$ cat query-v8.cif   # mmCIF, C-alpha atoms
data_data
loop_
_atom_site.label_atom_id
_atom_site.label_comp_id
_atom_site.auth_asym_id
_atom_site.auth_seq_id
_atom_site.Cartn_x
_atom_site.Cartn_y
_atom_site.Cartn_z
CA MET A 751 16.55 -5.16 8.06
CA SER A 752 14.87 -3.11 5.36
CA SER A 753 14.39 0.64 5.75
CA TYR A 754 10.75 0.07 6.72
CA GLN A 755 11.76 -2.41 9.43
CA GLU A 756 14.37 0.01 10.77
CA GLN A 757 11.72 2.76 10.98
CA GLU A 758 9.38 0.44 12.88
CA TRP A 759 12.22 -0.40 15.26
CA GLU A 760 13.09 3.27 15.80
CA ARG A 761 9.49 4.02 16.82
CA LEU A 762 9.71 1.67 19.81
CA PRO A 763 10.62 3.14 23.21
CA ILE A 764 14.03 2.18 24.62
CA LYS A 765 12.58 -0.17 27.26
CA ARG A 766 10.42 -1.88 24.63
CA ARG A 767 13.41 -2.41 22.33
CA ARG A 768 15.40 -3.91 25.17
CA SER A 769 12.52 -6.28 25.99
CA VAL A 770 12.25 -7.40 22.36
CA ALA A 771 16.01 -7.97 22.13
CA SER A 772 16.19 -9.96 25.37
CA LEU A 773 13.36 -12.27 24.28
CA ALA A 774 14.84 -12.72 20.82
CA VAL A 775 17.86 -14.35 22.46
CA SER A 776 15.58 -17.32 23.30
CA ALA A 777 14.56 -17.75 19.67
CA ILE A 778 14.50 -21.24 18.18
CA GLU A 779 17.23 -21.97 15.66
CA PRO A 780 16.07 -22.03 12.01
CA PRO A 781 15.30 -25.55 10.77
CA ALA A 782 17.40 -25.01 7.62
CA HIS A 783 19.73 -22.54 5.93
CA PHE A 784 17.11 -21.30 3.50
CA TYR A 785 19.46 -19.06 1.54
CA ALA A 786 21.33 -22.21 0.43
CA LEU A 787 18.09 -23.73 -0.89
CA ARG A 788 17.25 -20.88 -3.29
CA MET A 789 17.68 -21.65 -6.96
CA PRO A 790 19.91 -19.01 -8.61
CA ASP A 791 18.42 -16.89 -11.38
CA TYR A 792 20.73 -18.29 -14.04
CA GLN A 793 19.49 -21.81 -13.26
CA LEU A 794 15.87 -20.64 -13.40
CA LYS A 795 16.40 -19.13 -16.85
CA ALA A 796 17.90 -22.41 -18.05
CA ILE A 797 14.71 -24.36 -17.25
CA ASP A 798 12.68 -24.82 -20.44
CA ASN A 799 9.58 -26.31 -18.84
CA LYS A 800 7.40 -23.34 -17.79
CA ALA A 801 5.55 -25.31 -15.11
CA VAL A 802 8.81 -26.44 -13.49
CA ARG A 803 10.28 -22.94 -13.70
CA LYS A 804 7.14 -21.45 -12.15
CA PHE A 805 7.35 -23.98 -9.30
CA TYR A 806 10.91 -22.99 -8.42
CA GLU A 807 10.12 -19.28 -8.76
CA HIS A 808 7.31 -19.72 -6.25
CA GLN A 809 9.58 -21.73 -3.98
CA ASN A 810 12.15 -18.91 -4.08
CA LYS A 811 9.47 -16.41 -3.02
CA ILE A 812 8.55 -18.55 -0.01
CA ILE A 813 12.21 -18.96 0.91
CA ASP A 814 12.65 -15.17 0.70
CA LYS A 815 9.81 -14.76 3.19
CA TYR A 816 11.47 -17.18 5.61
CA ILE A 817 14.81 -15.42 5.16
CA GLU A 818 13.14 -12.11 6.04
CA VAL A 819 11.95 -13.63 9.34
CA ASP A 820 15.40 -15.11 10.02
CA ASN A 821 17.05 -11.74 9.36
CA ILE A 822 14.69 -9.90 11.72
CA ILE A 823 15.20 -12.38 14.56
CA LYS A 824 18.95 -12.43 13.91
CA GLU A 825 19.15 -8.64 14.08
CA LEU A 826 17.05 -8.54 17.25
CA GLY A 827 19.28 -11.16 18.84
CA ARG A 828 22.36 -9.18 17.82
CA CYS A 829 20.99 -5.94 19.22
CA PRO A 830 23.60 -5.80 22.01
CA GLU A 831 26.37 -5.64 19.38
CA THR A 832 24.54 -3.21 17.11
CA PHE A 833 23.94 -0.90 20.04
CA GLY A 834 27.68 -0.71 20.51
CA SER A 835 28.37 -2.51 23.81
CA SER A 836 27.17 -6.01 24.54
CA SER A 837 28.59 -6.03 28.06
CA THR A 838 26.65 -2.91 29.01
CA TYR A 839 23.45 -4.41 27.67
CA GLN A 840 23.85 -7.74 29.43
CA ASN A 841 24.58 -6.09 32.76
CA SER A 842 21.20 -4.53 33.53
CA ALA A 843 22.50 -2.98 36.73
CA VAL A 844 24.66 -0.54 34.81
CA PHE A 845 22.47 -0.18 31.72
CA ASP A 846 21.79 3.46 30.93
CA GLU A 847 18.09 3.95 30.21
CA GLU A 848 18.80 7.20 28.39
CA THR A 849 21.33 5.74 25.96
CA PRO A 850 19.86 5.99 22.45
CA LEU A 851 19.51 2.54 20.93
CA VAL A 852 19.98 2.95 17.18
CA ILE A 853 20.08 -0.20 15.13
CA LYS A 854 22.56 -0.12 12.29
CA PRO A 855 21.58 -1.13 8.76
CA SER A 856 22.19 -4.79 8.13
CA GLU A 857 24.01 -6.23 5.18
CA SER A 858 20.71 -7.01 3.51
CA CYS A 859 19.98 -3.35 2.89
CA SER A 860 23.51 -2.22 2.09
CA SER A 861 22.78 -2.69 -1.63
CA SER A 862 19.92 -0.19 -1.59
CA SER A 863 20.31 2.80 -3.87
CA PRO A 864 20.87 6.25 -2.31
CA SER A 865 17.70 8.21 -1.55
CA TRP A 866 18.61 10.94 -4.08
CA ILE A 867 18.68 8.30 -6.84
CA VAL A 868 15.21 7.12 -5.83
CA HIS A 869 13.83 10.68 -5.82
CA LEU A 870 15.53 11.42 -9.15
CA ALA A 871 13.96 8.35 -10.75
CA ILE A 872 10.49 9.36 -9.51
CA ASN A 873 10.87 13.00 -10.59
CA LEU A 874 12.27 12.14 -14.04
CA SER A 875 9.45 9.65 -14.58
CA PHE A 876 6.90 12.32 -13.70
CA MET A 877 8.50 14.86 -16.05
CA ALA A 878 8.70 12.27 -18.83
CA ASN A 879 4.99 11.52 -18.47
CA ILE A 880 4.18 15.22 -18.85
CA ILE A 881 6.37 15.61 -21.95
CA LEU A 882 5.03 12.43 -23.55
CA PHE A 883 1.44 13.47 -22.92
CA LEU A 884 1.96 16.86 -24.59
CA THR A 885 3.71 15.19 -27.53
CA LYS A 886 0.96 12.61 -28.04
CA ALA A 887 -1.79 15.20 -27.69
CA PHE A 888 -0.08 17.28 -30.40
CA LEU A 889 0.24 14.24 -32.68
CA ALA A 890 -3.35 13.12 -32.09
CA PHE A 891 -4.63 16.60 -33.02
CA PHE A 892 -2.62 16.95 -36.24
CA THR A 893 -2.74 13.31 -37.46
CA GLY A 894 -6.33 12.48 -36.52
CA SER A 895 -5.26 9.09 -35.17
CA ILE A 896 -7.59 7.64 -32.56
CA ALA A 897 -4.92 5.13 -31.52
CA ILE A 898 -2.53 7.99 -30.72
CA LEU A 899 -5.38 9.75 -28.91
CA ALA A 900 -5.87 6.64 -26.76
CA SER A 901 -2.15 6.65 -26.00
CA ALA A 902 -2.37 10.36 -25.06
CA PHE A 903 -5.19 9.50 -22.66
CA GLU A 904 -3.00 6.80 -21.13
CA SER A 905 -0.11 9.26 -20.61
CA PHE A 906 -2.46 11.84 -19.09
CA LEU A 907 -3.80 9.25 -16.70
CA ASP A 908 -0.24 8.34 -15.73
CA ILE A 909 0.17 11.96 -14.65
CA LEU A 910 -3.15 11.81 -12.82
CA SER A 911 -2.11 8.63 -11.01
CA ASN A 912 1.12 10.27 -9.85
CA ALA A 913 -0.88 13.27 -8.61
CA ILE A 914 -3.34 11.04 -6.74
CA ILE A 915 -0.50 9.09 -5.10
CA PHE A 916 1.24 12.35 -4.17
CA PHE A 917 -1.98 13.70 -2.63
CA THR A 918 -2.78 10.52 -0.71
CA ILE A 919 0.77 10.30 0.68
CA ARG A 920 0.48 13.87 1.96
CA VAL A 921 -2.87 13.03 3.57
CA ILE A 922 -1.45 9.86 5.15
CA ARG A 923 1.45 11.81 6.65
CA GLN A 924 -0.92 14.26 8.37
CA LYS A 925 -1.53 12.15 11.45
CA ASN A 926 -4.38 12.66 13.90
CA ILE A 927 -4.50 9.97 16.58
CA TYR A 928 -7.92 11.15 17.78
CA ASP A 929 -9.83 11.16 14.47
CA TYR A 930 -7.74 8.38 12.90
CA PRO A 931 -6.31 6.24 15.73
CA VAL A 932 -4.85 3.62 13.38
CA GLY A 933 -3.61 6.06 10.72
CA LYS A 934 -4.77 6.75 7.18
CA SER A 935 -2.92 4.04 5.28
CA ARG A 936 -6.14 2.95 3.56
CA MET A 937 -6.23 6.27 1.72
CA GLU A 938 -3.72 4.91 -0.82
CA PRO A 939 -5.81 1.95 -2.08
CA LEU A 940 -8.86 4.24 -1.96
CA GLY A 941 -7.02 6.66 -4.26
CA ILE A 942 -6.18 3.76 -6.58
CA ILE A 943 -9.88 2.84 -6.74
CA VAL A 944 -10.79 6.42 -7.68
CA PHE A 945 -8.07 6.47 -10.34
CA ALA A 946 -9.14 3.07 -11.71
CA ALA A 947 -12.71 4.33 -12.04
CA VAL A 948 -11.51 7.44 -13.91
CA ILE A 949 -9.26 5.52 -16.30
CA THR A 950 -11.84 2.84 -17.15
CA THR A 951 -14.46 5.54 -17.77
CA SER A 952 -12.09 7.52 -20.02
CA PHE A 953 -11.08 4.53 -22.12
CA SER A 954 -14.68 3.38 -22.33
CA GLN A 955 -15.40 6.70 -24.06
CA VAL A 956 -12.46 6.14 -26.44
CA LEU A 957 -13.81 2.65 -27.11
CA ILE A 958 -17.30 3.97 -27.87
CA SER A 959 -15.93 6.67 -30.21
CA SER A 960 -13.85 4.10 -32.10
CA VAL A 961 -16.80 1.72 -32.50
CA GLU A 962 -19.02 4.58 -33.69
CA GLN A 963 -16.41 5.56 -36.29
CA LEU A 964 -16.29 2.00 -37.62
CA ALA A 965 -20.07 1.66 -37.58
CA GLU A 966 -20.79 4.72 -39.75
CA GLU A 967 -23.26 3.99 -42.49
CA ASN A 968 -20.99 5.06 -45.32
CA ARG A 969 -18.07 3.12 -43.80
CA LYS A 970 -15.80 6.10 -44.41
CA VAL A 971 -13.04 6.41 -41.85
CA GLU A 972 -10.95 9.54 -41.58
CA HIS A 973 -7.56 9.27 -43.22
CA VAL A 974 -4.59 9.22 -40.86
CA ASP A 975 -1.88 11.76 -41.71
CA LEU A 976 1.32 10.28 -40.30
CA SER A 977 4.26 12.45 -41.35
CA PRO A 978 7.95 11.53 -40.80
CA LEU A 979 8.04 14.05 -37.94
CA ALA A 980 5.06 12.41 -36.24
CA LEU A 981 6.61 8.97 -36.72
CA GLY A 982 9.91 10.21 -35.29
CA LEU A 983 8.17 11.60 -32.19
CA LEU A 984 6.37 8.29 -31.62
CA VAL A 985 9.66 6.39 -31.86
CA ALA A 986 11.25 8.91 -29.47
CA ASN A 987 8.47 8.18 -26.96
CA ILE A 988 9.30 4.49 -27.13
CA VAL A 989 13.02 5.13 -26.67
CA ILE A 990 12.49 7.48 -23.69
CA LYS A 991 10.19 5.05 -21.93
CA GLY A 992 12.56 2.17 -22.67
CA VAL A 993 15.53 4.03 -21.18
CA LEU A 994 13.52 4.94 -18.06
CA TRP A 995 12.34 1.35 -17.72
CA LEU A 996 15.88 -0.09 -17.85
CA TRP A 997 17.22 2.59 -15.50
CA CYS A 998 14.47 2.11 -12.90
CA LEU A 999 15.22 -1.62 -12.89
CA THR A 1000 18.72 -0.80 -11.59
CA VAL A 1001 17.38 1.24 -8.64
CA LYS A 1002 17.20 -0.99 -5.58
CA GLY A 1003 15.40 -0.65 -2.26
CA SER A 1004 12.31 1.28 -3.42
CA SER A 1005 8.99 -0.41 -4.18
CA SER A 1006 7.72 2.85 -5.73
CA VAL A 1007 10.54 2.89 -8.30
CA GLN A 1008 9.99 -0.80 -9.05
CA ALA A 1009 6.32 -0.02 -9.67
CA LEU A 1010 7.43 2.78 -12.01
CA ALA A 1011 9.65 0.30 -13.85
CA GLN A 1012 6.62 -1.93 -14.38
CA ASP A 1013 4.61 1.07 -15.60
CA HIS A 1014 7.38 2.06 -18.04
CA GLU A 1015 7.51 -1.50 -19.37
CA ASN A 1016 3.76 -1.43 -20.00
CA ASP A 1017 4.11 1.95 -21.69
CA VAL A 1018 6.79 0.61 -24.03
CA VAL A 1019 4.44 -2.14 -25.20
CA PHE A 1020 1.54 0.31 -25.42
CA ASN A 1021 3.54 2.90 -27.40
CA ILE A 1022 4.81 0.27 -29.83
CA ALA A 1023 1.21 -0.80 -30.52
CA THR A 1024 0.17 2.85 -30.82
CA THR A 1025 2.83 3.37 -33.49
CA ILE A 1026 2.20 0.15 -35.42
CA PHE A 1027 -1.55 0.58 -35.99
CA PRO A 1028 -1.43 4.11 -37.53
CA LEU A 1029 1.68 3.13 -39.51
CA PHE A 1030 -0.03 0.09 -41.03
CA ALA A 1031 -3.17 2.15 -41.64
CA VAL A 1032 -1.11 4.56 -43.81
CA TRP A 1033 1.13 1.93 -45.41
CA ALA A 1034 -1.69 -0.49 -46.34
CA LYS A 1035 -4.11 2.35 -47.18
CA MET A 1036 -6.62 0.87 -44.73
CA PRO A 1037 -7.52 3.73 -42.38
CA TRP A 1038 -10.00 1.51 -40.51
CA LEU A 1039 -7.00 -0.19 -38.86
CA ASP A 1040 -6.48 2.90 -36.71
CA PRO A 1041 -9.83 2.76 -34.85
CA VAL A 1042 -9.45 -1.02 -34.60
CA GLY A 1043 -6.12 -0.44 -32.87
CA ALA A 1044 -7.76 2.09 -30.55
CA ILE A 1045 -10.45 -0.47 -29.67
CA LEU A 1046 -7.89 -3.17 -28.88
CA LEU A 1047 -5.76 -0.81 -26.79
CA SER A 1048 -8.81 0.47 -24.92
CA LEU A 1049 -10.00 -3.06 -24.15
CA TYR A 1050 -6.51 -3.93 -22.89
CA ILE A 1051 -6.34 -0.89 -20.56
CA ILE A 1052 -9.89 -1.43 -19.27
CA TYR A 1053 -9.18 -5.11 -18.57
CA GLU A 1054 -5.93 -4.35 -16.73
CA TRP A 1055 -7.46 -1.64 -14.53
CA VAL A 1056 -10.63 -3.58 -13.75
CA ILE A 1057 -8.36 -6.26 -12.27
CA VAL A 1058 -6.58 -3.60 -10.20
CA LEU A 1059 -9.93 -2.14 -9.15
CA LEU A 1060 -11.33 -5.47 -7.97
CA GLU A 1061 -8.09 -6.35 -6.15
CA ASN A 1062 -8.14 -3.10 -4.16
CA ILE A 1063 -11.85 -3.46 -3.39
CA ARG A 1064 -11.21 -6.95 -2.01
CA ARG A 1065 -8.35 -5.66 0.12
CA LEU A 1066 -10.37 -2.77 1.53
CA THR A 1067 -13.20 -5.16 2.42
CA GLY A 1068 -10.98 -7.47 4.49
CA GLN A 1069 -9.81 -10.23 2.15
CA THR A 1070 -7.74 -12.90 3.87
CA ALA A 1071 -3.98 -13.11 3.35
CA ASN A 1072 -2.67 -15.65 0.86
CA LEU A 1073 -1.25 -18.96 2.02
CA ASP A 1074 2.39 -17.90 1.57
CA ASP A 1075 1.93 -14.87 3.85
CA LEU A 1076 0.24 -17.05 6.48
CA LYS A 1077 3.19 -19.46 6.33
CA GLN A 1078 5.56 -16.56 6.99
CA LEU A 1079 3.52 -15.42 10.01
CA VAL A 1080 3.41 -18.96 11.43
CA TYR A 1081 7.15 -19.26 10.94
CA MET A 1082 7.73 -16.00 12.83
CA ALA A 1083 5.62 -17.20 15.77
CA TYR A 1084 7.36 -20.61 15.72
CA ARG A 1085 10.89 -19.20 15.72
CA PHE A 1086 10.42 -16.23 18.05
CA SER A 1087 10.77 -17.91 21.43
CA SER A 1088 11.22 -21.38 22.88
CA LYS A 1089 8.89 -20.30 25.70
CA ILE A 1090 5.88 -20.57 23.38
CA VAL A 1091 4.21 -23.96 23.97
CA SER A 1092 2.08 -23.96 20.82
CA ILE A 1093 0.48 -21.70 18.20
CA ASP A 1094 -3.28 -21.88 18.44
CA THR A 1095 -4.53 -19.52 15.71
CA VAL A 1096 -2.97 -17.32 13.05
CA ARG A 1097 -5.41 -15.04 11.26
CA ALA A 1098 -4.49 -12.26 8.83
CA TYR A 1099 -6.57 -10.08 6.52
CA TYR A 1100 -6.02 -6.95 4.47
CA VAL A 1101 -6.81 -3.50 5.80
CA GLY A 1102 -5.54 -1.73 2.70
CA ASP A 1103 -2.18 -2.63 1.20
CA ARG A 1104 -0.97 -4.52 4.24
CA LEU A 1105 -2.28 -7.02 6.76
CA LEU A 1106 -3.89 -6.92 10.17
CA VAL A 1107 -2.62 -9.97 12.05
CA GLU A 1108 -4.24 -11.83 14.96
CA VAL A 1109 -2.11 -14.54 16.55
CA HIS A 1110 -3.10 -16.74 19.50
CA ILE A 1111 -0.24 -18.47 21.30
CA VAL A 1112 -0.19 -20.85 24.27
CA LEU A 1113 2.21 -20.27 27.17
CA PRO A 1114 2.86 -22.41 30.29
CA PRO A 1115 -0.04 -22.12 32.79
CA ASN A 1116 2.34 -21.32 35.65
CA ALA A 1117 4.24 -18.59 33.78
CA ALA A 1118 4.39 -15.18 35.45
CA LEU A 1119 2.04 -12.51 34.14
CA ARG A 1120 4.90 -10.08 33.58
CA GLU A 1121 6.86 -12.60 31.54
CA CYS A 1122 3.82 -13.51 29.43
CA HIS A 1123 2.97 -9.86 28.81
CA ASP A 1124 6.52 -8.99 27.73
CA LEU A 1125 6.70 -11.98 25.40
CA GLY A 1126 3.37 -11.19 23.75
CA GLU A 1127 4.28 -7.53 23.34
CA ALA A 1128 7.69 -8.38 21.90
CA LEU A 1129 6.17 -10.85 19.43
CA GLN A 1130 3.69 -8.18 18.38
CA ASP A 1131 6.56 -5.77 17.68
CA ALA A 1132 8.41 -8.43 15.69
CA PHE A 1133 5.33 -9.07 13.53
CA GLU A 1134 4.98 -5.36 12.81
CA MET A 1135 8.56 -5.29 11.49
CA LEU A 1136 7.48 -7.49 8.57
CA ASP A 1137 6.88 -5.52 5.38
CA ILE A 1138 3.44 -7.09 4.84
CA VAL A 1139 2.05 -6.27 8.32
CA GLU A 1140 0.19 -3.09 9.20
CA ARG A 1141 -0.82 -3.98 12.77
CA ALA A 1142 -0.52 -7.13 14.87
CA PHE A 1143 -2.34 -8.35 17.96
CA VAL A 1144 -1.10 -11.28 20.05
CA HIS A 1145 -3.54 -13.13 22.30
CA LEU A 1146 -2.08 -15.18 25.17
CA ASP A 1147 -3.69 -18.36 26.47
CA TYR A 1148 -2.77 -21.32 28.68
CA ASN A 1149 -4.61 -24.05 26.69
CA THR A 1150 -6.22 -24.68 23.30
CA SER A 1151 -9.58 -26.01 24.53
CA HIS A 1152 -11.78 -22.99 23.97
CA GLU A 1153 -14.31 -21.70 21.42
CA ILE A 1154 -13.23 -19.60 18.46
CA GLU A 1155 -13.06 -15.93 19.44
CA HIS A 1156 -15.46 -13.41 17.86
CA ARG A 1157 -17.52 -16.14 16.20
CA ARG A 1158 -20.81 -14.73 17.54
CA VAL A 1159 -20.04 -11.28 16.15
CA LEU A 1160 -19.03 -12.75 12.79
CA ASP A 1161 -22.18 -14.86 12.55
CA ASP A 1162 -24.42 -11.88 13.33
CA VAL A 1163 -22.88 -9.49 10.77
CA GLY A 1164 -25.46 -8.60 8.13
CA PHE A 1165 -28.22 -10.71 9.68
CA GLY A 1166 -29.09 -8.95 12.90
CA SER A 1167 -29.51 -10.68 16.24
#
$ encode --input "query-v8.cif" --output "structure tokens"
Amino acid sequence: MSSYQEQEWERLPIKRRRSVASLAVSAIEPPAHFYALRMPDYQLKAIDNKAVRKFYEHQNKIIDKYIEVDNIIKELGRCPETFGSSSTYQNSAVFDEETPLVIKPSESCSSSSPSWIVHLAINLSFMANIILFLTKAFLAFFTGSIAILASAFESFLDILSNAIIFFTIRVIRQKNIYDYPVGKSRMEPLGIIVFAAVITTSFSQVLISSVEQLAEENRKVEHVDLSPLALGLLVANIVIKGVLWLWCLTVKGSSSVQALAQDHENDVVFNIATTIFPLFAVWAKMPWLDPVGAILLSLYIIYEWVIVLLENIRRLTGQTANLDDLKQLVYMAYRFSSKIVSIDTVRAYYVGDRLLVEVHIVLPPNAALRECHDLGEALQDAFEMLDIVERAFVHLDYNTSHEIEHRRVLDDVGFGS
């Protein structure tokens, strides 16, 4: 299991964990050994046809989702061994209710980097953003380059994004089950929306200033003074970001660090463009190239963050899960227990970064209430161990001949009754 899945497991009471483990023993065997069906990375790189390579990359992602389900069910079924004594667990008469049940990390997460490496990567990235911002602000002031000024804005907004994420995480951790009964996880995408609005507004101003400079009546554009020292500092920015990018790629087990790696990669491209435009403006004695570069960079940043903005708005407003995620949820319900007669409905939609899941399963009509309740509760816990799931609700039924639940409420939303 991943660290997130282990945390979800640790939150369950002892009796609940025992119920989940006992039901996982009745899980259906996987229909295939999915790990053997994955195409290795070296074979993917050898495929010249982009469409074919994209197909197998997508297939690998789906297989990874199925493997995640298999690993969770496997770990739950092995819980007697991971707890330390299978004979004690199987003999309920002598099972000690007070014995702490601590699941051990599985082999899948043994390759994760130590936590101090993760924190070091985040802290060094934050410090680098501060240093790079101060350097670019200095260069923009003394060289008069609008392209470098746009890059300085981008570095400042990197710092702002880190601050917003830090603030939202602190807010999320301050739990209040009375005012926020389902937590504050939606604060993070809300913070991203605020940041996206700030960054698009800032670069819109840079864009307007660059257009105004090009549209002056006398067509005179300020000369860019790019000294060897300024050029050296710009190259140093590229090198620093490149080193951080390659280092963050080696850190495993942290989505935050992987996101930082993506940000560093974007910054490398951005800083190279920031250096090229002023350099060509000086070399070719065409100072108008500098504001043109600022316009192109601003349009690029605005386009990228508008996409992020719209994506987070859709997720906060309840966009449905993609087809691959729904397949993973169906596969979990299918494999979890042979006692499930059929799967009636699987519905999932975003409530922030992760999904709220509603699953309707059919059980035998003559099954005992206690058995049905325990199975539904255990399946709910298994769903919530998936990385993509925020909360899960399992509805139990004895047949499939019924109307769709909540349809009246859905039809009346926005139209009155």
$ resolve_selection --input "query-v8.cif" --expression "the PyMOL selection byres ((chain A and resi 781) around 12)" --output "ChimeraX atom specification"
/A:777-780,782-784,816-817,820,1081,1084-1085
$ resolve_selection --input "query-v8.cif" --expression "the PyMOL selection byres ((chain A and resi 979-986) around 9)" --output "VMD selection string"
chain A and resid 885 to 886 889 892 to 893 898 975 to 978 987 to 991 1021 to 1022 1024 to 1025 1029
$ atom_distance --input "query-v8.cif" --atom1 "atom CA of Ala796 of chain A" --atom2 "atom CA of Asn810 of chain A"
15.5 Å
$ closest_residue --input "query-v8.cif" --among "A:Ile1154, A:Leu1059, A:Leu1046, A:Leu794" --to "Val1096 of chain A" --atoms "all atoms listed in the file"
A:Ile1154
$ closest_residue --input "query-v8.cif" --among "A:Arg1065, A:His1014, A:His808, A:His1123" --to "Glu938 of chain A" --atoms "only C-alpha atoms"
A:Arg1065
$ closest_residue --input "query-v8.cif" --among "A:Ala878, A:Ala801, A:Val921, A:Leu994" --to "Leu940 of chain A" --atoms "only C-alpha atoms"
A:Val921
$ residues_around --input "query-v8.cif" --residues "segment 901-916 of chain A" --least-positions-apart "5" --cutoff "8 Å" --atoms "all atoms listed in the file" --output "MDAnalysis selection string"
chainID A and resid 876 879:880 882:884 886:887 890 938 941:942 945 949 952:953 1020:1021 1024
$ atom_distance --input "query-v8.cif" --atom1 "atom CA of Ile1093 of chain A" --atom2 "atom CA of Val1112 of chain A"
6.2 Å
$ residues_near_point --input "query-v8.cif" --point "(-9.6, -4.7, -35.3)" --cutoff "12 Å" --atoms "only C-alpha atoms" --output "count of residues only"
21
$ atom_distance --input "query-v8.cif" --atom1 "atom CA of Gly992 of chain A" --atom2 "atom CA of Val944 of chain A"
28.1 Å
$ closest_residue --input "query-v8.cif" --among "A:Tyr806, A:Tyr1053, A:Tyr785, A:Tyr1099" --to "Leu1066 of chain A" --atoms "only C-alpha atoms"
A:Tyr1099
$ resolve_selection --input "query-v8.cif" --expression "the PyMOL selection byres ((chain A and resi 995) around 12)" --output "NGL selection string"
:A and (871-872 or 874-875 or 878 or 988-994 or 996-1001 or 1007-1019)
$ write_last_selection --input "query-v8.cif" --atoms "C-alpha atoms" --output "short mmCIF file (atom, residue, chain, number, x, y, z; two decimals), in the coordinates of the input"
data_model
loop_
_atom_site.label_atom_id
_atom_site.label_comp_id
_atom_site.auth_asym_id
_atom_site.auth_seq_id
_atom_site.Cartn_x
_atom_site.Cartn_y
_atom_site.Cartn_z
CA ALA A 871 13.96 8.35 -10.75
CA ILE A 872 10.49 9.36 -9.51
CA LEU A 874 12.27 12.14 -14.04
CA SER A 875 9.45 9.65 -14.58
CA ALA A 878 8.70 12.27 -18.83
CA ILE A 988 9.30 4.49 -27.13
CA VAL A 989 13.02 5.13 -26.67
CA ILE A 990 12.49 7.48 -23.69
CA LYS A 991 10.19 5.05 -21.93
CA GLY A 992 12.56 2.17 -22.67
CA VAL A 993 15.53 4.03 -21.18
CA LEU A 994 13.52 4.94 -18.06
CA LEU A 996 15.88 -0.09 -17.85
CA TRP A 997 17.22 2.59 -15.50
CA CYS A 998 14.47 2.11 -12.90
CA LEU A 999 15.22 -1.62 -12.89
CA THR A 1000 18.72 -0.80 -11.59
CA VAL A 1001 17.38 1.24 -8.64
CA VAL A 1007 10.54 2.89 -8.30
CA GLN A 1008 9.99 -0.80 -9.05
CA ALA A 1009 6.32 -0.02 -9.67
CA LEU A 1010 7.43 2.78 -12.01
CA ALA A 1011 9.65 0.30 -13.85
CA GLN A 1012 6.62 -1.93 -14.38
CA ASP A 1013 4.61 1.07 -15.60
CA HIS A 1014 7.38 2.06 -18.04
CA GLU A 1015 7.51 -1.50 -19.37
CA ASN A 1016 3.76 -1.43 -20.00
CA ASP A 1017 4.11 1.95 -21.69
CA VAL A 1018 6.79 0.61 -24.03
CA VAL A 1019 4.44 -2.14 -25.20
#
$ closest_residue --input "query-v8.cif" --among "A:Glu1108, A:Asp1103, A:Glu962, A:Glu1121" --to "His1145 of chain A" --atoms "all atoms listed in the file"
A:Glu1108
$ residues_around --input "query-v8.cif" --residues "Val1139 of chain A" --least-positions-apart "6" --cutoff "9 Å" --atoms "only C-alpha atoms" --output "list in words"
Ala1098, Tyr1100, Arg1104, Leu1105, Leu1106, Val1107 and Phe1133 of chain A
$ closest_residue --input "query-v8.cif" --among "A:Ala965, A:Val1058, A:Ile1052, A:Met877" --to "Thr951 of chain A" --atoms "all atoms listed in the file"
A:Ile1052
$ build_atoms --input "query-v8.cif" --residues "segment 930-939 of chain A" --atoms "N, CA and C atoms" --output "PDB file, in the coordinates of the input"
ATOM      1  N   TYR A 930      -8.186   9.577  13.602  1.00  0.00           N
ATOM      2  CA  TYR A 930      -7.740   8.380  12.900  1.00  0.00           C
ATOM      3  C   TYR A 930      -6.740   7.630  13.786  1.00  0.00           C
ATOM      4  N   PRO A 931      -7.221   6.883  14.759  1.00  0.00           N
ATOM      5  CA  PRO A 931      -6.310   6.240  15.730  1.00  0.00           C
ATOM      6  C   PRO A 931      -5.393   5.192  15.141  1.00  0.00           C
ATOM      7  N   VAL A 932      -5.732   4.619  14.000  1.00  0.00           N
ATOM      8  CA  VAL A 932      -4.850   3.620  13.380  1.00  0.00           C
ATOM      9  C   VAL A 932      -4.219   4.151  12.102  1.00  0.00           C
ATOM     10  N   GLY A 933      -4.240   5.467  11.893  1.00  0.00           N
ATOM     11  CA  GLY A 933      -3.610   6.060  10.720  1.00  0.00           C
ATOM     12  C   GLY A 933      -4.538   6.076   9.512  1.00  0.00           C
ATOM     13  N   LYS A 934      -3.988   6.584   8.406  1.00  0.00           N
ATOM     14  CA  LYS A 934      -4.770   6.750   7.180  1.00  0.00           C
ATOM     15  C   LYS A 934      -4.194   5.945   6.029  1.00  0.00           C
ATOM     16  N   SER A 935      -3.592   4.809   6.330  1.00  0.00           N
ATOM     17  CA  SER A 935      -2.920   4.040   5.280  1.00  0.00           C
ATOM     18  C   SER A 935      -3.897   3.546   4.212  1.00  0.00           C
ATOM     19  N   ARG A 936      -5.176   3.434   4.552  1.00  0.00           N
ATOM     20  CA  ARG A 936      -6.140   2.950   3.560  1.00  0.00           C
ATOM     21  C   ARG A 936      -6.493   4.013   2.525  1.00  0.00           C
ATOM     22  N   MET A 937      -5.989   5.235   2.717  1.00  0.00           N
ATOM     23  CA  MET A 937      -6.230   6.270   1.720  1.00  0.00           C
ATOM     24  C   MET A 937      -5.573   5.922   0.390  1.00  0.00           C
ATOM     25  N   GLU A 938      -4.436   5.220   0.427  1.00  0.00           N
ATOM     26  CA  GLU A 938      -3.720   4.910  -0.820  1.00  0.00           C
ATOM     27  C   GLU A 938      -4.515   3.953  -1.709  1.00  0.00           C
ATOM     28  N   PRO A 939      -4.984   2.794  -1.208  1.00  0.00           N
ATOM     29  CA  PRO A 939      -5.810   1.950  -2.080  1.00  0.00           C
ATOM     30  C   PRO A 939      -7.125   2.620  -2.469  1.00  0.00           C
TER      31      PRO A 939
END
